[in-house]
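Following: one structure in structure tokens, then a few remarks.
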Amino acid sequence: MAMRNLKWAMLMLTLACLGGASTAAWFVWASVAPAHAGGLDWGGGGGDPPPTFQSEVVQTIGRFMSPSRIELFEGKLYVADTRRGHVAIYDTDGVRTGTITGIQAPLGLALDIILTEVAPDATGEKKKKDKKGAPVTEEQLRLYVGDRDTGSVTIFEDGVAVGHLGVGVGEFLMPNAIAVNGGRIYVVDSKAGQVLYYDGAGQFMGAFGAPAVGSDPDNPAAPDQFGFATDIAIDPVTGEVFVSDWEANRISVWTRDGLWLRNIAPPPNDGGEAIFLHPLGLGMDNTGNLYVVDNLLSSVTVMDQEGLLIDVFGYQLGQYLTGELQIPIDAASDSGRVYVTSSVDGRVQVFEVRP
């Protein structure tokens, strides 16, 4: 029970830091975290990962107050800086290119390209039509941002707020993560213990999952329940929805309509123990591999959709405030590089993943 309380204290400290807790709270955690981490064994390696893993930090981006969710879209990085109340935009070389404001405490992020009809010109002429008489359309970048303080998801187009999902303010308890697929927008509401999904017009379509109630602490949720859902990734080929569960320590898999399919347990390390303990962030690359961010171990685990271990990096035994990652939140991947938000030191760490 003491360890369970300690783990929940870690999650609450993470969320409190994003909401404005003092840095001193992190040093309180640092004084007790290594005692737990020291019980892990990589199998003859002391605290080091297996030597076949070749990932390393190749770049550091930005100075943030509290970087949380991160998305990589068409060569741009979008980073939610929760305590500063904005979304920072960078290119992949680390150059700041823009800022999205108008959010009190941004968390979940997702981007999509939509088609819109070309608007009338300044003379008020009718919208343009092609040779067949159909309206001419143009691509529009759309950004969805979850706001922890207002319980809403705001829709931005070209940096301007144009609407909300559902009723707007108060639609969610904690819109922690967002994903877009097949014209639908999926939102992980961590405090409600559900994933809600909406159509392209922002209208509610349905929800799946349920919060675990009165569960065994060692098995906190039934297969189709959430102990504490945290992040989401969607396979663009199959449409399967992957949701990380911090408390149940697993990734649950659902159909796009919310039918539960299976759960993925963490793969074992060389000592036979789970290689991640509490997944707070979840990413997916273009091959379908999953990137599981563990804020308790300050690590990122790479595995396939069957749970086969591919890589692990960022973790340094007993060095939570001096290692490569310091309480990471989220990860995004592209072209052999992984971008990870490191919350305590306020950076995005860029790892090069080598086979």
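Ligands are numbered from 1 in the order shown, residues from 1 within each chain, and chains are lettered A, B, ... in the order they appear in the structure tokens.
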request  = Tell me, as a count of residues only, which residues lie within 12 Å of Pro266 of chain A, counting only C-alpha atoms; anything in the same chain fewer than 5 positions away does not count.
outcome  = 33
Could you produce a table of the residues of segment 127-200 of chain A lying within 12 Å of segment 88-101 of chain A, with the nearest pair of atoms per residue and their separation in Å rounded to one decimal, using only C-alpha atoms, ordered by chain and increasing residue number, as JSON lines?
```
{"residue": "A:Leu143", "atom": "CA", "partner": "A:Ile100", "partner_atom": "CA", "distance": 9.6}
{"residue": "A:Tyr144", "atom": "CA", "partner": "A:Ile100", "partner_atom": "CA", "distance": 11.0}
{"residue": "A:Val145", "atom": "CA", "partner": "A:Ile100", "partner_atom": "CA", "distance": 9.6}
{"residue": "A:Asp147", "atom": "CA", "partner": "A:Thr101", "partner_atom": "CA", "distance": 11.5}
{"residue": "A:Thr154", "atom": "CA", "partner": "A:Thr101", "partner_atom": "CA", "distance": 11.0}
{"residue": "A:Ile155", "atom": "CA", "partner": "A:Ile100", "partner_atom": "CA", "distance": 11.3}
{"residue": "A:Phe156", "atom": "CA", "partner": "A:Ile100", "partner_atom": "CA", "distance": 8.7}
{"residue": "A:Glu157", "atom": "CA", "partner": "A:Ile100", "partner_atom": "CA", "distance": 10.4}
{"residue": "A:Asp158", "atom": "CA", "partner": "A:Ile100", "partner_atom": "CA", "distance": 9.4}
{"residue": "A:Gly159", "atom": "CA", "partner": "A:Ile100", "partner_atom": "CA", "distance": 5.9}
{"residue": "A:Val160", "atom": "CA", "partner": "A:Ile100", "partner_atom": "CA", "distance": 8.2}
{"residue": "A:Ala161", "atom": "CA", "partner": "A:Thr101", "partner_atom": "CA", "distance": 9.3}
```
key: 6 Å contact set for segment 59-70 of chain A, only C-alpha atoms, chain neighbours under 6 positions out, as an MDAnalysis selection string   = chainID A and resid 18 78:83 94 107:108 329:330 341 343 346:350
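Going from atom CA of Gly151 of chain A over to atom CA of Ala105 of chain A, you cover 9.6 Å.
For the pair atom CA of Glu352 of chain A and atom CA of His86 of chain A, the interatomic distance is 27.3 Å.
Here atom CA of Lys76 of chain A stands at a distance of 21.4 Å from atom CA of Glu56 of chain A.
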task = Compile the contact shell of segment 260-262 of chain A as number ranges by chain: residues with an atom at most 8 Å away, counting only C-alpha atoms, same-chain residues fewer than 3 positions apart removed.
result = A: 223-224, 252-255
remark   = Among A:Gly183, A:Val136, A:Asp189, A:Glu71, Ala331 of chain A is approached most closely, using only C-alpha atoms, by A:Glu71
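Each of A:Val243, A:Val153, A:Leu297, A:Ala110 was compared to Ser190 of chain A using only C-alpha atoms, and A:Val243 turns out to be the nearest.
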In segment 71-300 of chain A, DSSP strand (DSSP E or B) residues written as a PyMOL selection string = chain A and resi 71-73+76-81+86-91+96-100+106-117+129+135+137-147+152-157+160-164+175-181+184-189+194-198+204-208+211+216+219+226+229-234+241-245+250-254+260-264+268+274+279-284+290-294+299-300
I need the residues from that last selection saved to file as a short mmCIF file (atom, residue, chain, number, x, y, z; two decimals), in the first residue's frame (with C-alpha atoms), if you can.
```
data_model
loop_
_atom_site.label_atom_id
_atom_site.label_comp_id
_atom_site.auth_asym_id
_atom_site.auth_seq_id
_atom_site.Cartn_x
_atom_site.Cartn_y
_atom_site.Cartn_z
CA GLU A 71 2.89 16.54 -31.80
CA LEU A 72 4.96 16.31 -34.98
CA PHE A 73 3.05 17.27 -38.11
CA LYS A 76 6.69 21.10 -37.43
CA LEU A 77 6.81 20.39 -33.69
CA TYR A 78 3.88 21.58 -31.59
CA VAL A 79 4.61 21.66 -27.85
CA ALA A 80 1.99 22.41 -25.19
CA ASP A 81 3.64 24.57 -22.51
CA HIS A 86 0.45 28.52 -25.07
CA VAL A 87 1.48 26.07 -27.77
CA ALA A 88 4.99 26.67 -29.10
CA ILE A 89 5.81 25.75 -32.71
CA TYR A 90 9.30 24.74 -33.87
CA ASP A 91 10.82 23.27 -36.97
CA ARG A 96 10.92 28.70 -33.08
CA THR A 97 8.44 29.53 -35.84
CA GLY A 98 5.25 30.49 -34.03
CA THR A 99 3.02 30.50 -30.95
CA ILE A 100 -0.65 29.66 -30.44
CA PRO A 106 -2.99 23.49 -22.80
CA LEU A 107 -2.66 19.72 -22.56
CA GLY A 108 -3.85 17.47 -25.39
CA LEU A 109 -2.85 18.31 -28.97
CA ALA A 110 -3.77 16.98 -32.41
CA LEU A 111 -3.51 18.27 -35.96
CA ASP A 112 -5.29 17.54 -39.21
CA ILE A 113 -5.70 18.84 -42.73
CA ILE A 114 -9.28 19.62 -43.77
CA LEU A 115 -10.73 20.81 -47.06
CA THR A 116 -12.67 24.10 -47.04
CA GLU A 117 -14.47 25.91 -49.83
CA LYS A 129 -16.38 26.69 -58.90
CA PRO A 135 -17.01 24.35 -55.35
CA THR A 137 -11.64 23.73 -52.12
CA GLU A 138 -8.33 24.43 -50.42
CA GLU A 139 -6.42 22.67 -47.65
CA GLN A 140 -6.63 24.11 -44.17
CA LEU A 141 -4.45 23.20 -41.18
CA ARG A 142 -6.56 22.53 -38.11
CA LEU A 143 -5.18 22.30 -34.55
CA TYR A 144 -7.11 20.87 -31.59
CA VAL A 145 -5.96 21.95 -28.12
CA GLY A 146 -7.29 20.57 -24.83
CA ASP A 147 -7.47 23.08 -21.97
CA SER A 152 -12.60 22.25 -23.28
CA VAL A 153 -11.02 21.45 -26.65
CA THR A 154 -10.56 24.51 -28.85
CA ILE A 155 -10.30 24.27 -32.65
CA PHE A 156 -7.75 26.57 -34.31
CA GLU A 157 -7.35 27.30 -38.01
CA VAL A 160 -7.27 31.57 -34.89
CA ALA A 161 -9.85 29.93 -32.62
CA VAL A 162 -12.89 28.95 -34.71
CA GLY A 163 -14.86 26.68 -32.38
CA HIS A 164 -14.90 23.91 -29.80
CA PRO A 175 -8.77 16.62 -21.88
CA ASN A 176 -5.34 15.04 -21.50
CA ALA A 177 -4.72 13.75 -25.04
CA ILE A 178 -6.27 14.03 -28.52
CA ALA A 179 -5.96 12.06 -31.77
CA VAL A 180 -7.54 12.46 -35.20
CA ASN A 181 -8.34 9.65 -37.62
CA ARG A 184 -13.10 11.67 -36.10
CA ILE A 185 -11.52 13.44 -33.14
CA TYR A 186 -10.78 11.27 -30.09
CA VAL A 187 -10.22 12.84 -26.66
CA VAL A 188 -8.84 11.06 -23.59
CA ASP A 189 -10.64 12.47 -20.55
CA GLN A 194 -13.28 7.56 -20.85
CA VAL A 195 -12.35 8.25 -24.44
CA LEU A 196 -14.90 10.46 -26.19
CA TYR A 197 -15.07 10.92 -29.95
CA TYR A 198 -16.55 13.61 -32.20
CA PHE A 204 -20.36 14.29 -29.98
CA MET A 205 -20.62 10.78 -31.46
CA GLY A 206 -19.87 8.39 -28.62
CA ALA A 207 -17.57 7.28 -25.80
CA PHE A 208 -15.90 4.09 -24.64
CA PRO A 211 -13.40 4.27 -14.81
CA ASP A 216 -7.84 -4.61 -6.46
CA ASN A 219 -5.10 -5.24 -10.76
CA PHE A 226 -9.34 2.49 -17.30
CA ALA A 229 -6.14 6.74 -19.06
CA THR A 230 -3.42 9.15 -20.17
CA ASP A 231 -2.66 9.19 -23.91
CA ILE A 232 -3.82 7.89 -27.28
CA ALA A 233 -2.41 6.81 -30.64
CA ILE A 234 -4.28 5.50 -33.69
CA VAL A 241 -7.09 2.92 -31.12
CA PHE A 242 -4.31 2.50 -28.52
CA VAL A 243 -4.77 4.06 -25.07
CA SER A 244 -2.13 4.16 -22.33
CA ASP A 245 -3.28 3.50 -18.76
CA ARG A 250 -0.80 -1.34 -19.91
CA ILE A 251 -1.89 -0.24 -23.36
CA SER A 252 -5.50 -1.08 -24.24
CA VAL A 253 -6.55 -1.53 -27.86
CA TRP A 254 -10.01 -0.68 -29.24
CA TRP A 260 -12.42 -3.39 -26.72
CA LEU A 261 -10.02 -5.79 -28.48
CA ARG A 262 -7.07 -6.58 -26.21
CA ASN A 263 -4.55 -5.23 -23.72
CA ILE A 264 -0.80 -5.03 -24.23
CA PRO A 268 9.88 -7.82 -19.47
CA ALA A 274 8.02 -4.96 -16.42
CA PRO A 279 2.81 4.99 -19.02
CA LEU A 280 2.00 8.71 -19.14
CA GLY A 281 2.66 9.31 -22.84
CA LEU A 282 2.13 7.26 -26.00
CA GLY A 283 3.36 7.81 -29.54
CA MET A 284 3.38 5.81 -32.78
CA LEU A 290 4.64 2.29 -30.07
CA TYR A 291 6.63 4.72 -27.91
CA VAL A 292 5.63 4.43 -24.26
CA VAL A 293 6.73 7.28 -21.97
CA ASP A 294 7.10 6.33 -18.29
CA SER A 299 12.23 6.32 -19.81
CA VAL A 300 10.81 5.69 -23.27
#
```
